[in-house]
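Visitor: Data: work-v6.csv, CSV, C-alpha atoms and all ligand atoms.
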chain,number,residue,atom,x,y,z
A,1,MET,CA,70.0,115.0,118.4
A,2,ILE,CA,72.2,115.0,115.3
A,3,HIS,CA,74.0,112.0,113.8
A,4,ARG,CA,77.7,111.8,113.7
A,5,LEU,CA,79.9,109.4,111.6
A,6,LEU,CA,83.7,109.0,111.8
A,7,TYR,CA,85.7,106.8,109.4
A,8,VAL,CA,89.3,106.2,108.3
A,9,SER,CA,90.4,105.1,104.9
A,10,THR,CA,93.5,104.6,102.7
A,11,ALA,CA,94.0,107.1,100.0
A,12,ASP,CA,94.7,106.0,96.4
A,13,PRO,CA,98.5,106.3,96.2
A,14,GLU,CA,98.0,107.7,92.6
A,15,MET,CA,95.8,110.5,93.9
A,16,LYS,CA,97.1,113.9,92.8
A,17,PRO,CA,97.1,116.8,95.4
A,18,SER,CA,94.7,118.7,93.1
A,19,ALA,CA,92.1,115.9,93.7
A,20,LEU,CA,91.9,117.2,97.3
A,21,GLU,CA,90.7,120.6,96.2
A,22,GLN,CA,88.1,119.0,94.0
A,23,ILE,CA,86.9,116.7,96.9
A,24,ILE,CA,86.6,119.6,99.3
A,25,SER,CA,84.8,122.0,96.9
A,26,THR,CA,82.2,119.3,96.0
A,27,ALA,CA,81.9,118.3,99.7
A,28,GLN,CA,81.4,121.9,100.8
A,29,ARG,CA,78.7,122.5,98.2
A,30,ARG,CA,76.7,119.3,98.8
A,31,ASN,CA,77.2,119.3,102.6
A,32,ALA,CA,76.0,122.9,103.0
A,33,ALA,CA,72.8,122.0,101.0
A,34,LEU,CA,72.2,118.9,103.3
A,35,GLU,CA,73.1,120.7,106.6
A,36,ILE,CA,76.1,118.4,107.0
A,37,THR,CA,79.2,119.7,108.8
A,38,GLY,CA,82.6,118.1,109.5
A,39,LEU,CA,86.3,117.8,109.1
A,40,LEU,CA,88.5,115.9,106.7
A,41,VAL,CA,92.1,115.2,107.8
A,42,TYR,CA,94.6,113.8,105.2
A,43,THR,CA,98.0,112.5,106.1
A,44,GLY,CA,99.3,112.0,102.6
A,45,SER,CA,98.3,108.3,102.7
A,46,HIS,CA,95.2,108.1,104.8
A,47,PHE,CA,91.9,110.0,105.6
A,48,MET,CA,90.0,110.5,108.7
A,49,GLN,CA,86.6,112.2,108.2
A,50,LEU,CA,83.8,113.4,110.5
A,51,LEU,CA,80.4,113.9,109.0
A,52,GLU,CA,77.6,115.2,111.2
A,53,GLY,CA,74.0,116.3,110.5
A,54,PRO,CA,70.6,114.7,109.8
A,55,LYS,CA,71.0,111.0,109.9
A,56,ASP,CA,69.5,110.2,106.5
A,57,ALA,CA,71.7,112.9,104.8
A,58,VAL,CA,74.9,111.7,106.6
A,59,GLU,CA,74.3,108.1,105.7
A,60,ALA,CA,73.5,109.0,102.1
A,61,VAL,CA,76.7,111.0,101.7
A,62,PHE,CA,78.7,108.3,103.4
A,63,ASP,CA,77.4,105.7,100.9
A,64,MET,CA,78.5,108.0,98.1
A,65,ILE,CA,81.9,108.5,99.7
A,66,CYS,CA,82.3,104.7,100.0
A,67,GLN,CA,81.9,104.3,96.2
A,68,ASP,CA,84.7,106.9,95.6
A,69,PRO,CA,87.7,105.3,93.9
A,70,ARG,CA,90.1,107.9,95.4
A,71,HIS,CA,90.2,105.9,98.6
A,72,SER,CA,89.7,102.3,99.9
A,73,ALA,CA,89.7,100.2,103.0
A,74,ILE,CA,87.1,102.4,104.5
A,75,ALA,CA,86.5,101.6,108.2
A,76,ARG,CA,83.6,103.3,110.1
A,77,LEU,CA,84.7,104.0,113.6
A,78,ILE,CA,81.7,105.9,115.0
A,79,ALA,CA,78.0,106.1,113.8
A,80,GLU,CA,75.7,107.3,116.5
A,81,PRO,CA,73.5,110.1,117.7
A,82,ALA,CA,75.2,113.1,119.3
A,83,PRO,CA,73.7,116.0,121.4
A,84,ALA,CA,75.5,118.7,119.4
A,85,ARG,CA,77.8,119.3,116.4
A,86,SER,CA,81.5,119.2,116.9
A,87,CYS,CA,82.3,121.4,113.8
A,88,PRO,CA,79.2,123.7,113.5
A,89,GLU,CA,81.0,126.3,111.4
A,90,TRP,CA,82.5,124.0,108.7
A,91,SER,CA,80.5,122.5,105.9
A,92,MET,CA,83.8,120.5,105.4
A,93,ALA,CA,87.1,121.7,106.6
A,94,LEU,CA,90.4,120.2,105.3
A,95,GLN,CA,93.6,119.8,107.3
A,96,VAL,CA,96.6,118.1,105.8
A,97,ILE,CA,99.0,116.6,108.3
A,98,ASP,CA,102.2,114.7,107.9
A,99,ALA,CA,104.5,114.9,110.9
A,100,ALA,CA,106.2,111.7,109.8
A,101,ASN,CA,107.4,113.2,106.5
A,102,ASP,CA,108.2,116.8,107.3
A,103,GLY,CA,110.4,118.2,104.6
A,104,PRO,CA,110.6,120.5,101.6
A,105,GLY,CA,108.3,118.3,99.5
A,106,HIS,CA,105.5,118.7,102.1
A,107,VAL,CA,104.8,122.4,102.2
A,108,PHE,CA,101.1,122.0,102.9
A,109,THR,CA,101.5,119.9,106.0
A,110,VAL,CA,101.1,120.9,109.6
A,111,SER,CA,102.4,119.2,112.8
A,112,ASN,CA,100.2,117.4,115.3
A,113,GLU,CA,100.4,120.4,117.6
A,114,THR,CA,99.0,122.7,114.8
A,115,LEU,CA,96.3,120.2,114.2
A,116,ALA,CA,95.4,120.2,117.9
A,117,SER,CA,95.0,124.0,117.9
A,118,PHE,CA,93.0,123.8,114.7
A,119,LEU,CA,90.3,121.6,116.2
A,120,PRO,CA,87.4,123.8,117.3
A,121,GLU,CA,86.5,124.3,121.0
A,122,SER,CA,83.1,122.8,120.2
A,123,MET,CA,84.7,119.4,119.3
A,124,ALA,CA,83.6,116.5,121.5
A,125,ALA,CA,86.4,115.1,123.7
A,126,ASP,CA,86.4,111.6,122.2
A,127,LEU,CA,86.7,113.0,118.6
A,128,ARG,CA,89.5,115.4,119.7
A,129,VAL,CA,91.5,112.4,121.0
A,130,LEU,CA,90.9,110.4,117.8
A,131,PHE,CA,91.9,113.2,115.5
A,132,GLN,CA,95.0,114.1,117.5
A,133,SER,CA,96.2,110.5,117.6
A,134,PHE,CA,95.5,109.9,113.9
A,135,ASN,CA,99.0,110.7,112.7
A,136,THR,CA,100.4,108.2,115.2
A,137,MET,CA,97.8,105.6,114.2
A,138,LYS,CA,98.7,106.2,110.5
A,139,ARG,CA,102.3,105.5,111.2
A,140,ASP,CA,101.3,102.2,112.8
A,141,ILE,CA,99.0,101.4,109.9
A,142,VAL,CA,101.9,102.0,107.4
A,143,ALA,CA,104.3,99.9,109.5
A,144,ALA,CA,101.8,97.0,109.5
A,145,GLU,CA,101.2,97.1,105.7
B,201,LIG,C1,88.0,111.2,101.4
B,201,LIG,C2,86.8,111.8,100.7
B,201,LIG,C3,85.9,112.5,101.4
B,201,LIG,C4,84.8,113.0,100.7
B,201,LIG,N1,83.9,113.8,101.4
B,201,LIG,C5,82.7,114.2,100.9
B,201,LIG,C6,81.8,115.0,101.6
B,201,LIG,O1,81.9,115.3,102.8
B,201,LIG,N2,80.6,115.4,100.9
B,201,LIG,C7,80.4,115.1,99.6
B,201,LIG,O2,79.4,115.5,99.1
B,201,LIG,N3,81.3,114.4,98.9
B,201,LIG,C8,82.5,114.0,99.5
B,201,LIG,N4,83.4,113.3,98.7
B,201,LIG,C9,83.2,113.1,97.3
B,201,LIG,C10,82.2,112.0,97.0
B,201,LIG,O3,82.8,110.7,97.3
B,201,LIG,C11,81.7,112.0,95.6
B,201,LIG,O4,82.8,111.9,94.7
B,201,LIG,C12,81.1,113.3,95.2
B,201,LIG,O5,80.2,113.7,96.1
B,201,LIG,C13,80.4,113.1,93.8
B,201,LIG,O6,79.8,114.3,93.5
B,201,LIG,P1,79.5,114.8,92.1
B,201,LIG,O7,78.9,113.6,91.4
B,201,LIG,O8,78.5,115.9,92.2
B,201,LIG,O9,80.8,115.2,91.5
B,201,LIG,C14,84.5,112.8,99.4
B,201,LIG,C15,85.5,112.0,98.7
B,201,LIG,C16,86.6,111.5,99.3
B,201,LIG,C17,87.6,110.6,98.5
Taking this structure as input, can you express it in the form of structure tokens?
Guide:
Amino acid sequence: MIHRLLYVSTADPEMKPSALEQIISTAQRRNAALEITGLLVYTGSHFMQLLEGPKDAVEAVFDMICQDPRHSAIARLIAEPAPARSCPEWSMALQVIDAANDGPGHVFTVSNETLASFLPESMAADLRVLFQSFNTMKRDIVAAE
């Protein structure tokens, strides 16, 4: 069994797009060394991230991520054993989505449909549903803020 952890958080509104590249390159380097794999989805205002691997490593990296000032309001949705990895090929993949704000200023964004086709075949059904509904959830979160 591996350990899987899924959380959502609110990005620091001051965060520059270049910070994302930094986060991902650090994440890929450390995660590969710790046998962690996963996916980070960024909507322009919120994150959803899956971390999977040895339990101690996943929990240690999550503790570090929780200290990171580039996001806040971190809510852990899932932390449990899983029979297999959902993203075995990715030390940490990044997908930026923002269907709510499609426009010239959002050149890096993809639609929910593109996100759906990006998710690997190996992804567990429950995680697939959560990732695919994240953009809708995010609009609800923003509306409630
Ligand atoms: C949304 C988000 C996701 C992150 N994901 C990871 C991750 O998967 N693995 C990782 O090592 N660091 C991740 N980080 C970065 C850590 O929080 C931390 O800044 C970094 O690991 C510090 O490493 P350094 O001291 O070597 O620069 C993430 C940060 C943010 C804001």
Visitor: Determine the nearest neighbour of Leu130 (chain A) from the options A:Glu89, A:Thr26, A:Met64, A:Tyr7, counting all atoms listed in the file.
Guide: A:Tyr7
Visitor: 6 Å from ligand LIG 201 (chain B) is the threshold here; counting all atoms listed in the file, which polymer residues fall inside it? Answer as a PyMOL selection string.
Guide: chain A and resi 23+26-27+30-31+47+61+64-65+68+70-71
Visitor: At most 8 Å from (91.1, 100.2, 102.1), file frame, all atoms listed in the file: which residues, as a PyMOL selection string?
Guide: chain A and resi 9-11+71-75
Visitor: Quick one: pull the distance between CA of Phe118 (chain A) and CA of Glu14 (chain A), Å, one decimal.
Guide: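 Those two atoms sit 27.8 Å apart.
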Visitor: Give me the residues within 8 Å of Met48 (chain A) as a ChimeraX atom specification, counting all atoms listed in the file and dropping any in the same chain fewer than 2 places off.
Guide: /A:6-9,40-42,46,50,131,134
Visitor: Taking 4 positions as the minimum chain separation for residues in the same chain, which residues sit within 12 Å of Asp126 (chain A) when counting only C-alpha atoms? Answer as a PDB file with C-alpha atoms, in the coordinates of the input.
Guide:
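Output file around.pdb is given in full below:
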ATOM      1  CA  LEU A   6      83.700 109.000 111.800  1.00  0.00           C
ATOM      2  CA  LEU A  77      84.700 104.000 113.600  1.00  0.00           C
ATOM      3  CA  ILE A  78      81.700 105.900 115.000  1.00  0.00           C
ATOM      4  CA  ALA A  82      75.200 113.100 119.300  1.00  0.00           C
ATOM      5  CA  SER A  86      81.500 119.200 116.900  1.00  0.00           C
ATOM      6  CA  SER A 122      83.100 122.800 120.200  1.00  0.00           C
ATOM      7  CA  LEU A 130      90.900 110.400 117.800  1.00  0.00           C
ATOM      8  CA  PHE A 131      91.900 113.200 115.500  1.00  0.00           C
ATOM      9  CA  GLN A 132      95.000 114.100 117.500  1.00  0.00           C
ATOM     10  CA  SER A 133      96.200 110.500 117.600  1.00  0.00           C
TER      11      SER A 133
END
Visitor: Measuring atom to atom with only C-alpha atoms, identify which of A:Gln22, A:Gln49, A:Gln67, A:Thr43 is nearest to Leu5 (chain A).
Guide: A:Gln49
Visitor: Distance CA of Trp90 (chain A)-CA of Leu119 (chain A), one decimal place?
Guide: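 Pair CA of Trp90 (chain A) / CA of Leu119 (chain A) returns 11.1 Å.
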Visitor: Within 9 Å of Met1 (chain A), counting all atoms listed in the file, which residues qualify if same-chain residues fewer than 2 places away don't, as a PyMOL selection string?
Guide: chain A and resi 3+53-54+81-84
Visitor: Excluding Gly38 (chain A) and any residue of its chain fewer than 4 positions from it, enumerate the residues within 7 Å of it, using all atoms listed in the file, and give them as an NGL selection string.
Guide: :A and (50-52 or 87 or 90-93)
Visitor: As an exercise, work out the distance from CA of Leu34 (chain A) to CA of Arg128 (chain A) in Å and give it to one decimal place.
Guide: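 Between these atoms lies a distance of 24.1 Å.
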Visitor: Check the smallest atom-to-atom distance from each of A:Glu113, A:Asp12, A:Glu21, A:Glu35 to Asp56 (chain A) using all atoms listed in the file, then report the winner.
Guide: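 Closest candidate: A:Glu35.
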Visitor: Using all atoms listed in the file, can you tell me which of A:Val58, A:Gly44, A:Ile2, A:Gln95 comes closest to Ala32 (chain A)?
Guide: A:Val58
Visitor: Given the choices A:Ala124, A:Phe62, A:Pro69, A:Pro88, which gets closest to Ala19 (chain A) if the distance is worked out from all atoms listed in the file?
Guide: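 Using all atoms listed in the file, Ala19 (chain A) sits closest to A:Pro69.
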